[in-house]
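> My structure file structure.txt, compact mmCIF, C-alpha atoms, is below:
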# COMPACT_ATOMS: atom_id res chain seq x y z
CA MET J 1 60.49 -22.03 -28.88
CA PRO J 2 59.54 -21.30 -25.29
CA HIS J 3 55.87 -21.42 -24.38
CA ARG J 4 54.37 -18.01 -23.75
CA PRO J 5 51.31 -17.93 -21.49
CA HIS J 6 48.20 -16.32 -22.86
CA SER J 7 47.66 -12.78 -21.64
CA LEU J 8 44.63 -12.44 -19.35
CA GLY J 9 44.84 -8.68 -19.28
CA PRO J 10 42.08 -7.76 -21.78
CA CYS J 11 39.68 -10.47 -20.54
CA LEU J 12 40.31 -9.60 -16.93
CA ASN J 13 39.82 -5.92 -17.60
CA ARG J 14 36.54 -6.60 -19.40
CA SER J 15 35.33 -8.82 -16.57
CA ILE J 16 36.18 -6.19 -13.96
CA ALA J 17 34.46 -3.51 -16.01
CA LEU J 18 31.36 -5.69 -16.34
CA LEU J 19 31.27 -6.35 -12.61
CA ILE J 20 31.58 -2.63 -11.92
CA VAL J 21 28.74 -1.84 -14.33
CA LEU J 22 26.53 -4.52 -12.82
CA GLY J 23 27.37 -3.31 -9.33
CA LEU J 24 26.55 0.28 -10.19
CA TRP J 25 23.33 -0.82 -11.88
CA SER J 26 22.37 -2.78 -8.78
CA VAL J 27 23.12 0.16 -6.50
CA ALA J 28 21.14 2.51 -8.74
CA ALA J 29 18.20 0.10 -8.78
CA CYS J 30 18.17 -0.11 -4.98
CA ALA J 31 18.84 3.58 -4.50
CA GLN J 32 15.30 4.49 -5.58
CA ASP J 33 13.53 1.93 -3.35
CA PRO J 34 11.78 4.08 -0.72
CA LEU J 35 11.76 1.24 1.81
CA VAL J 36 15.57 1.34 1.66
CA THR J 37 16.35 5.01 1.15
CA LEU J 38 13.41 6.68 2.93
CA PRO J 39 12.63 4.56 6.02
CA ASN J 40 11.17 7.57 7.86
CA ASN J 41 8.59 8.00 5.09
CA TYR J 42 7.89 4.46 3.91
CA SER J 43 7.78 1.20 5.86
CA SER J 44 6.44 -2.28 5.22
CA ALA J 45 3.20 -2.99 7.11
CA PHE J 46 2.40 -6.39 5.58
CA ASP J 47 3.70 -8.57 2.77
CA ASN J 48 2.66 -11.83 1.15
CA SER J 49 2.35 -13.24 -2.38
CA ALA J 50 -0.86 -11.31 -3.03
CA VAL J 51 -0.23 -7.86 -1.56
CA ALA J 52 2.48 -5.52 -0.37
CA VAL J 53 1.21 -2.98 2.16
CA ILE J 54 3.43 0.08 2.54
CA ARG J 55 2.79 2.69 5.22
CA ALA J 56 3.51 6.24 4.00
CA HIS J 57 4.13 9.28 6.20
CA TYR J 58 4.75 12.85 5.02
CA GLY J 59 5.41 15.36 7.79
CA PRO J 60 4.03 18.92 7.63
CA HIS J 61 5.72 20.76 4.74
CA GLU J 62 8.18 17.89 4.35
CA LYS J 63 9.99 17.38 1.05
CA ILE J 64 10.68 13.75 0.07
CA PRO J 65 13.39 13.16 -2.56
CA VAL J 66 13.03 11.19 -5.77
CA HIS J 67 12.05 7.54 -5.38
CA ASP J 68 10.28 4.77 -7.30
CA HIS J 69 7.03 2.88 -6.88
CA SER J 70 5.95 -0.38 -8.52
CA SER J 71 3.59 -0.71 -11.48
CA PHE J 72 1.13 -2.92 -9.55
CA PRO J 73 -2.51 -1.82 -9.26
CA THR J 74 -2.79 -0.01 -5.96
CA VAL J 75 -5.39 0.90 -3.35
CA PHE J 76 -4.51 4.03 -1.38
CA VAL J 77 -6.18 4.02 2.05
CA TYR J 78 -6.13 7.38 3.82
CA LEU J 79 -5.63 7.28 7.59
CA ASP J 80 -6.04 10.97 8.45
CA ASP J 81 -7.34 14.31 7.25
CA SER J 82 -4.53 16.06 5.40
CA GLY J 83 -3.87 18.94 3.04
CA GLN J 84 -2.58 19.10 -0.50
CA VAL J 85 0.50 17.19 -1.58
CA ARG J 86 2.55 18.11 -4.64
CA ILE J 87 3.91 15.23 -6.69
CA ASP J 88 6.74 16.02 -9.10
CA HIS J 89 7.04 13.19 -11.59
CA ALA J 90 10.54 12.59 -12.91
CA GLU J 91 10.11 9.87 -15.51
CA VAL J 92 13.29 9.08 -17.40
CA GLY J 93 13.20 10.45 -20.93
CA GLU J 94 9.99 12.38 -20.37
CA LYS J 95 9.22 15.96 -19.47
CA PRO J 96 8.80 16.39 -15.68
CA GLU J 97 5.20 16.91 -14.59
CA SER J 98 3.80 18.27 -11.33
CA ILE J 99 0.36 17.37 -10.03
CA LEU J 100 -1.49 18.23 -6.84
CA ARG J 101 -3.06 15.48 -4.77
CA PRO J 102 -6.16 17.05 -3.22
CA PRO J 103 -6.73 17.04 0.54
CA THR J 104 -7.67 13.63 1.92
CA VAL J 105 -10.21 12.55 4.52
CA LYS J 106 -9.71 9.73 7.00
CA GLY J 107 -11.61 6.66 5.84
CA SER J 108 -11.50 7.49 2.13
CA PHE J 109 -9.61 5.47 -0.47
CA ARG J 110 -8.47 5.56 -4.08
CA VAL J 111 -7.97 2.72 -6.60
CA ILE J 112 -5.64 2.99 -9.61
CA ALA J 113 -4.86 0.50 -12.36
CA GLY J 114 -1.15 0.97 -11.70
CA MET J 115 1.93 2.25 -13.47
CA ALA J 116 5.58 2.53 -12.54
CA GLU J 117 6.30 5.91 -10.97
CA ARG J 118 9.40 7.93 -10.19
CA HIS J 119 8.70 11.15 -8.32
CA SER J 120 9.49 13.48 -5.46
CA ILE J 121 6.92 14.69 -2.94
CA GLU J 122 6.21 17.89 -1.05
CA ASN J 123 3.55 18.03 1.63
CA LEU J 124 2.02 21.49 1.28
CA GLY J 125 -0.13 21.15 4.38
CA ASP J 126 0.33 22.09 8.02
CA THR J 127 -0.48 18.55 9.16
CA SER J 128 1.00 15.14 8.42
CA SER J 129 -0.29 12.93 5.63
CA ASP J 130 -0.53 9.25 6.57
CA PHE J 131 -1.87 6.52 4.32
CA LEU J 132 -1.35 2.94 3.14
CA ARG J 133 -0.25 1.87 -0.33
CA VAL J 134 -1.84 -1.55 -0.87
CA GLU J 135 -0.05 -2.91 -3.94
CA LEU J 136 -1.94 -5.78 -5.59
CA ARG J 137 0.64 -8.21 -6.91
CA GLN J 138 -1.70 -10.65 -8.66
CA VAL J 139 -4.45 -8.37 -9.89
CA SER J 140 -5.10 -6.73 -13.23
CA LEU J 141 -7.59 -3.86 -13.34
CA GLY J 142 -9.10 -2.30 -16.45
CA LEU J 143 -9.67 1.10 -14.88
CA LYS J 144 -9.21 4.07 -17.20
CA ASP J 145 -9.55 6.60 -14.39
CA PRO J 146 -8.87 6.30 -10.67
CA PHE J 147 -11.82 5.35 -8.49
CA ARG J 148 -12.29 7.49 -5.38
CA GLY J 149 -14.14 6.04 -2.43
CA LYS J 150 -15.51 8.61 0.02
CA ALA J 151 -15.28 8.43 3.77
CA PRO J 152 -18.59 7.66 5.52
CA GLN J 153 -20.64 10.67 6.56
CA THR J 154 -21.33 9.15 9.95
CA LEU J 155 -20.00 6.42 12.22
CA SER J 156 -23.07 6.45 14.47
CA GLU J 157 -24.73 3.36 12.98
CA ASN J 158 -23.70 -0.09 11.80
CA GLN J 159 -22.65 -0.37 8.16
CA ASP J 160 -21.76 -3.25 5.88
CA ALA J 161 -21.55 -2.09 2.29
CA VAL J 162 -19.71 -2.86 -0.95
CA GLU J 163 -18.10 0.36 -2.20
CA PHE J 164 -16.06 -0.88 -5.16
CA THR J 165 -16.41 -3.99 -7.29
CA ASP J 166 -14.42 -5.49 -10.15
CA PRO J 167 -13.91 -9.11 -11.26
CA ALA J 168 -10.47 -9.05 -9.61
CA LEU J 169 -11.16 -6.74 -6.66
CA GLN J 170 -13.90 -5.84 -4.21
CA ILE J 171 -13.79 -3.29 -1.41
CA GLU J 172 -16.23 -3.31 1.48
CA ARG J 173 -16.68 -1.05 4.48
CA VAL J 174 -17.84 -2.32 7.86
CA VAL J 175 -18.71 -0.14 10.86
CA CYS J 176 -19.60 -1.77 14.18
CA VAL J 177 -21.10 0.66 16.69
CA GLY J 178 -22.33 -1.43 19.60
CA SER J 179 -20.37 -3.30 22.24
CA SER J 180 -21.33 -6.69 20.75
CA PRO J 181 -19.11 -8.23 18.03
CA CYS J 182 -20.10 -7.69 14.39
CA LEU J 183 -19.73 -10.43 11.77
CA ILE J 184 -17.35 -10.17 8.84
CA LYS J 185 -19.07 -12.46 6.38
CA PRO J 186 -17.05 -15.40 4.99
CA SER J 187 -15.99 -15.05 1.36
CA PRO J 188 -14.37 -17.45 -1.11
CA ALA J 189 -11.81 -14.67 -1.68
CA PRO J 190 -9.02 -13.89 0.79
CA SER J 191 -8.99 -10.31 2.04
CA LEU J 192 -6.96 -7.62 3.73
CA ILE J 193 -8.54 -5.87 6.70
CA VAL J 194 -7.53 -2.24 7.33
CA ALA J 195 -8.50 -0.73 10.68
CA PHE J 196 -9.38 2.98 10.85
CA THR J 197 -10.05 2.82 14.61
CA PRO J 198 -8.65 0.66 17.42
CA LEU J 199 -10.50 -2.68 17.48
CA SER J 200 -10.12 -6.39 17.93
CA ILE J 201 -10.71 -9.12 15.36
CA LYS J 202 -11.22 -12.83 15.89
CA THR J 203 -11.42 -15.66 13.39
CA GLU J 204 -12.93 -19.07 14.06
CA ALA J 205 -9.49 -20.67 13.89
CA ALA J 206 -7.87 -18.29 16.38
CA GLU J 207 -7.95 -18.92 20.11
CA GLU J 208 -7.63 -15.26 21.03
CA ARG J 209 -8.66 -11.96 19.54
CA GLU J 210 -6.10 -9.93 17.64
CA ARG J 211 -5.96 -6.28 18.61
CA LEU J 212 -5.50 -3.79 15.79
CA ASP J 213 -4.51 -0.18 16.30
CA ALA J 214 -5.73 2.48 13.89
CA GLY J 215 -3.86 2.02 10.62
CA ALA J 216 -2.99 -1.63 11.29
CA VAL J 217 -3.87 -4.47 8.90
CA SER J 218 -4.75 -8.16 9.16
CA TRP J 219 -4.99 -10.92 6.55
CA LEU J 220 -8.21 -12.95 6.43
CA PRO J 221 -7.91 -16.27 4.56
CA ALA J 222 -10.52 -17.39 2.05
CA SER J 223 -13.77 -18.74 3.54
CA ALA J 224 -12.79 -17.64 7.05
CA ALA J 225 -15.48 -16.14 9.25
CA ALA J 226 -14.48 -13.40 11.66
CA THR J 227 -15.93 -10.86 14.04
CA ILE J 228 -14.77 -7.36 14.97
CA THR J 229 -15.36 -5.60 18.27
CA ARG J 230 -14.90 -1.94 19.06
CA ASP J 231 -12.22 -0.77 21.46
CA ALA J 232 -13.42 1.56 24.24
CA ALA J 233 -15.93 4.17 23.07
CA SER J 234 -14.97 4.45 19.40
CA PRO J 235 -16.81 2.32 16.83
CA ALA J 236 -14.97 -0.45 14.99
CA HIS J 237 -14.39 0.87 11.46
CA ILE J 238 -12.65 -1.20 8.79
CA LEU J 239 -12.07 -1.36 5.06
CA ARG J 240 -12.00 -4.89 3.64
CA ILE J 241 -10.09 -5.42 0.38
CA LEU J 242 -11.11 -8.74 -1.20
CA LEU J 243 -9.02 -10.41 -3.91
CA PRO J 244 -11.11 -12.99 -5.83
CA THR J 245 -8.21 -13.98 -8.12
CA ALA J 246 -5.59 -14.35 -5.37
CA PRO J 247 -4.45 -17.81 -4.21
CA LYS J 248 -6.77 -19.29 -1.60
In structure tokens, write the structure found in this file.

Amino acid sequence: MPHRPHSLGPCLNRSIALLIVLGLWSVAACAQDPLVTLPNNYSSAFDNSAVAVIRAHYGPHEKIPVHDHSSFPTVFVYLDDSGQVRIDHAEVGEKPESILRPPTVKGSFRVIAGMAERHSIENLGDTSSDFLRVELRQVSLGLKDPFRGKAPQTLSENQDAVEFTDPALQIERVVCVGSSPCLIKPSPAPSLIVAFTPLSIKTEAAEERERLDAGAVSWLPASAAATITRDAASPAHILRILLPTAPK
């Protein structure tokens, strides 16, 4: 009896179908990543094992289509004064929900415990809304409600104050008014520096000062001492996000 080769048709068809499904799943997963699909609205400002800093920009009355955000605890740092923003949540399997983000003030911030989000955005204001999403990759927060940190009432005097504290997270504000450098005190925790005004920063290990524009960030290693100096006439104004549980 002649040998009849085994038919590969069914197996091959199943393999092709599986590859197609996996490919479509991969495309769908990437399709909601705002860094990929919405580069005019979201861009990476800084990234390491501890934090992902995403710069967000919503133009006046701009509508941003559906996209996803991670479930990491997040610090929102507001870089300008802006109006209301409508957020239309589109969670799979749940009833859509719309909420209004109130107007923001430059220098304010908000801390949330974190949850995965899928939503679209509409800027209801006549001005742009610009802010940073600081996603904390190695932090767990027990917050029940968001914490809202207010912008300082004045930038006419030096400030160095703790505005939020948690075992896994601390947020400080530093304002340096004079022309002389102001010290950023060393800490056993590494930290992210967010500049609200143009300034320069220098660590002991660096040969030269690093210039930061408004909205720029810099990573300060654990136990590193640094100084900030104002640029031109504006005071040096920073938010310092310390991560006690992050790798040193």
> Need to verify the contact set: range 184-196 of chain J, 7 Å, only C-alpha atoms, exclusion of same-chain residues closer than 2 positions in sequence. Can you return it as a list of chain:residue names?
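Listed by chain and then number, they are J:Leu79, J:Gly107, J:Cys182, J:Pro198, J:Leu212, J:Asp213, J:Ala214, J:Gly215, J:Ala216, J:Val217, J:Ser218, J:Trp219, J:Leu220, J:Pro221, J:Ala222, J:Ser223, J:Ala224, J:Ala225, J:Ala226, J:Thr227, J:His237, J:Ile238, J:Leu239, J:Arg240, J:Ile241, J:Leu242, J:Leu243, J:Pro244, J:Lys248.
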> As a PyMOL selection string, please: the residues near range 138-142 of chain J (cut-off 12 Å, all atoms listed in the file, same-chain neighbours under 5 positions excluded).
chain J and resi 48-52+71-75+111-115+147+165-170+242-247
> I'd like the contact shell of Ser98 in chain J - 9 Å cut-off, all atoms listed in the file, skipping same-chain residues fewer than 3 positions apart - returned as an MDAnalysis selection string.
chainID J and resid 86:90
> In Å, rounded to a single decimal, give me how far CA of Pro152 in chain J is from CA of Asp80 in chain J.
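So the two atoms, CA of Asp80 in chain J and CA of Pro152 in chain J, lie 13.3 Å apart.
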> Do you have the CA of Val177 in chain J-CA of Ser82 in chain J distance handy?
25.3 Å
> Which polymer residues have any atom within 7 Å of an atom of Arg133 in chain J, counting all atoms listed in the file, with same-chain residues fewer than 3 positions away left out, as a ChimeraX atom specification?
/J:53-55,74-77
> May I ask for the distance between CA of Thr197 in chain J and CA of Val175 in chain J, given in Å to one decimal place?
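The value is 9.9 Å.
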> Here is a test: counting only C-alpha atoms, which residue of J:Glu210, J:Glu157, J:Glu122, J:Glu163 is nearest to Ile228 in chain J?
J:Glu210
> List as a list of chain:residue names: which residues have an atom within 6 Å of (-14.2, -1.0, 19.9), counting only C-alpha atoms?
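Checking each residue against the 6 Å limit leaves J:Leu199, J:Thr229, J:Arg230, J:Asp231, J:Ala232, J:Ser234, J:Pro235, J:Ala236.
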> Box for range 124-141 of chain J: with edges along x, y and z, all listed atoms inside and 3 Å added on each side, what are the centre and edge lengths in Å to one decimal, as JSON?

{"center_x": -2.8, "center_y": 5.7, "center_z": -2.1, "size_x": 15.6, "size_y": 38.7, "size_z": 28.5}
> Take range 83-111 of chain J, model N, CA and C atoms, and hand the result over as a PDB file, in the coordinates of the input.

ATOM      1  N   GLY J  83      -3.772  17.925   4.081  1.00  0.00           N
ATOM      2  CA  GLY J  83      -3.870  18.940   3.040  1.00  0.00           C
ATOM      3  C   GLY J  83      -3.324  18.468   1.707  1.00  0.00           C
ATOM      4  N   GLN J  84      -3.083  19.422   0.832  1.00  0.00           N
ATOM      5  CA  GLN J  84      -2.580  19.100  -0.500  1.00  0.00           C
ATOM      6  C   GLN J  84      -1.145  18.580  -0.445  1.00  0.00           C
ATOM      7  N   VAL J  85      -0.847  17.722  -1.397  1.00  0.00           N
ATOM      8  CA  VAL J  85       0.500  17.190  -1.580  1.00  0.00           C
ATOM      9  C   VAL J  85       0.884  17.387  -3.040  1.00  0.00           C
ATOM     10  N   ARG J  86       2.066  17.956  -3.265  1.00  0.00           N
ATOM     11  CA  ARG J  86       2.550  18.110  -4.640  1.00  0.00           C
ATOM     12  C   ARG J  86       3.421  16.926  -5.009  1.00  0.00           C
ATOM     13  N   ILE J  87       3.153  16.374  -6.181  1.00  0.00           N
ATOM     14  CA  ILE J  87       3.910  15.230  -6.690  1.00  0.00           C
ATOM     15  C   ILE J  87       4.615  15.661  -7.958  1.00  0.00           C
ATOM     16  N   ASP J  88       5.938  15.645  -7.938  1.00  0.00           N
ATOM     17  CA  ASP J  88       6.740  16.020  -9.100  1.00  0.00           C
ATOM     18  C   ASP J  88       7.256  14.753  -9.761  1.00  0.00           C
ATOM     19  N   HIS J  89       6.627  14.388 -10.869  1.00  0.00           N
ATOM     20  CA  HIS J  89       7.040  13.190 -11.590  1.00  0.00           C
ATOM     21  C   HIS J  89       8.346  13.444 -12.318  1.00  0.00           C
ATOM     22  N   ALA J  90       9.226  12.459 -12.284  1.00  0.00           N
ATOM     23  CA  ALA J  90      10.540  12.590 -12.910  1.00  0.00           C
ATOM     24  C   ALA J  90      10.830  11.358 -13.752  1.00  0.00           C
ATOM     25  N   GLU J  91       9.927  11.053 -14.668  1.00  0.00           N
ATOM     26  CA  GLU J  91      10.110   9.870 -15.510  1.00  0.00           C
ATOM     27  C   GLU J  91      11.313  10.060 -16.424  1.00  0.00           C
ATOM     28  N   VAL J  92      12.109   9.016 -16.551  1.00  0.00           N
ATOM     29  CA  VAL J  92      13.290   9.080 -17.400  1.00  0.00           C
ATOM     30  C   VAL J  92      12.881   9.254 -18.854  1.00  0.00           C
ATOM     31  N   GLY J  93      13.475  10.234 -19.512  1.00  0.00           N
ATOM     32  CA  GLY J  93      13.200  10.450 -20.930  1.00  0.00           C
ATOM     33  C   GLY J  93      11.933  11.227 -21.208  1.00  0.00           C
ATOM     34  N   GLU J  94      11.224  11.633 -20.189  1.00  0.00           N
ATOM     35  CA  GLU J  94       9.990  12.380 -20.370  1.00  0.00           C
ATOM     36  C   GLU J  94      10.086  13.718 -19.654  1.00  0.00           C
ATOM     37  N   LYS J  95       9.237  14.639 -20.082  1.00  0.00           N
ATOM     38  CA  LYS J  95       9.220  15.960 -19.470  1.00  0.00           C
ATOM     39  C   LYS J  95       8.643  15.859 -18.056  1.00  0.00           C
ATOM     40  N   PRO J  96       9.322  16.436 -17.055  1.00  0.00           N
ATOM     41  CA  PRO J  96       8.800  16.390 -15.680  1.00  0.00           C
ATOM     42  C   PRO J  96       7.398  17.003 -15.614  1.00  0.00           C
ATOM     43  N   GLU J  97       6.580  16.450 -14.737  1.00  0.00           N
ATOM     44  CA  GLU J  97       5.200  16.910 -14.590  1.00  0.00           C
ATOM     45  C   GLU J  97       4.863  16.996 -13.111  1.00  0.00           C
ATOM     46  N   SER J  98       4.236  18.089 -12.714  1.00  0.00           N
ATOM     47  CA  SER J  98       3.800  18.270 -11.330  1.00  0.00           C
ATOM     48  C   SER J  98       2.289  18.188 -11.252  1.00  0.00           C
ATOM     49  N   ILE J  99       1.798  17.444 -10.252  1.00  0.00           N
ATOM     50  CA  ILE J  99       0.360  17.370 -10.030  1.00  0.00           C
ATOM     51  C   ILE J  99       0.106  17.601  -8.542  1.00  0.00           C
ATOM     52  N   LEU J 100      -1.093  18.012  -8.225  1.00  0.00           N
ATOM     53  CA  LEU J 100      -1.490  18.230  -6.840  1.00  0.00           C
ATOM     54  C   LEU J 100      -2.468  17.143  -6.421  1.00  0.00           C
ATOM     55  N   ARG J 101      -2.101  16.401  -5.377  1.00  0.00           N
ATOM     56  CA  ARG J 101      -3.060  15.480  -4.770  1.00  0.00           C
ATOM     57  C   ARG J 101      -3.952  16.299  -3.864  1.00  0.00           C
ATOM     58  N   PRO J 102      -5.264  16.225  -4.047  1.00  0.00           N
ATOM     59  CA  PRO J 102      -6.160  17.050  -3.220  1.00  0.00           C
ATOM     60  C   PRO J 102      -6.133  16.604  -1.769  1.00  0.00           C
ATOM     61  N   PRO J 103      -6.656  17.439  -0.869  1.00  0.00           N
ATOM     62  CA  PRO J 103      -6.730  17.040   0.540  1.00  0.00           C
ATOM     63  C   PRO J 103      -7.459  15.712   0.696  1.00  0.00           C
ATOM     64  N   THR J 104      -7.061  14.944   1.692  1.00  0.00           N
ATOM     65  CA  THR J 104      -7.670  13.630   1.920  1.00  0.00           C
ATOM     66  C   THR J 104      -8.446  13.639   3.228  1.00  0.00           C
ATOM     67  N   VAL J 105      -9.369  12.691   3.338  1.00  0.00           N
ATOM     68  CA  VAL J 105     -10.210  12.550   4.520  1.00  0.00           C
ATOM     69  C   VAL J 105     -10.025  11.135   5.070  1.00  0.00           C
ATOM     70  N   LYS J 106      -9.862  11.034   6.364  1.00  0.00           N
ATOM     71  CA  LYS J 106      -9.710   9.730   7.000  1.00  0.00           C
ATOM     72  C   LYS J 106     -10.889   8.826   6.655  1.00  0.00           C
ATOM     73  N   GLY J 107     -10.571   7.614   6.212  1.00  0.00           N
ATOM     74  CA  GLY J 107     -11.610   6.660   5.840  1.00  0.00           C
ATOM     75  C   GLY J 107     -11.867   6.593   4.349  1.00  0.00           C
ATOM     76  N   SER J 108     -11.337   7.541   3.582  1.00  0.00           N
ATOM     77  CA  SER J 108     -11.500   7.490   2.130  1.00  0.00           C
ATOM     78  C   SER J 108     -10.420   6.609   1.515  1.00  0.00           C
ATOM     79  N   PHE J 109     -10.592   6.287   0.227  1.00  0.00           N
ATOM     80  CA  PHE J 109      -9.610   5.470  -0.470  1.00  0.00           C
ATOM     81  C   PHE J 109      -9.625   5.794  -1.959  1.00  0.00           C
ATOM     82  N   ARG J 110      -8.589   5.341  -2.641  1.00  0.00           N
ATOM     83  CA  ARG J 110      -8.470   5.560  -4.080  1.00  0.00           C
ATOM     84  C   ARG J 110      -7.887   4.306  -4.725  1.00  0.00           C
ATOM     85  N   VAL J 111      -8.425   3.920  -5.877  1.00  0.00           N
ATOM     86  CA  VAL J 111      -7.970   2.720  -6.600  1.00  0.00           C
ATOM     87  C   VAL J 111      -7.420   3.155  -7.951  1.00  0.00           C
TER      88      VAL J 111
END
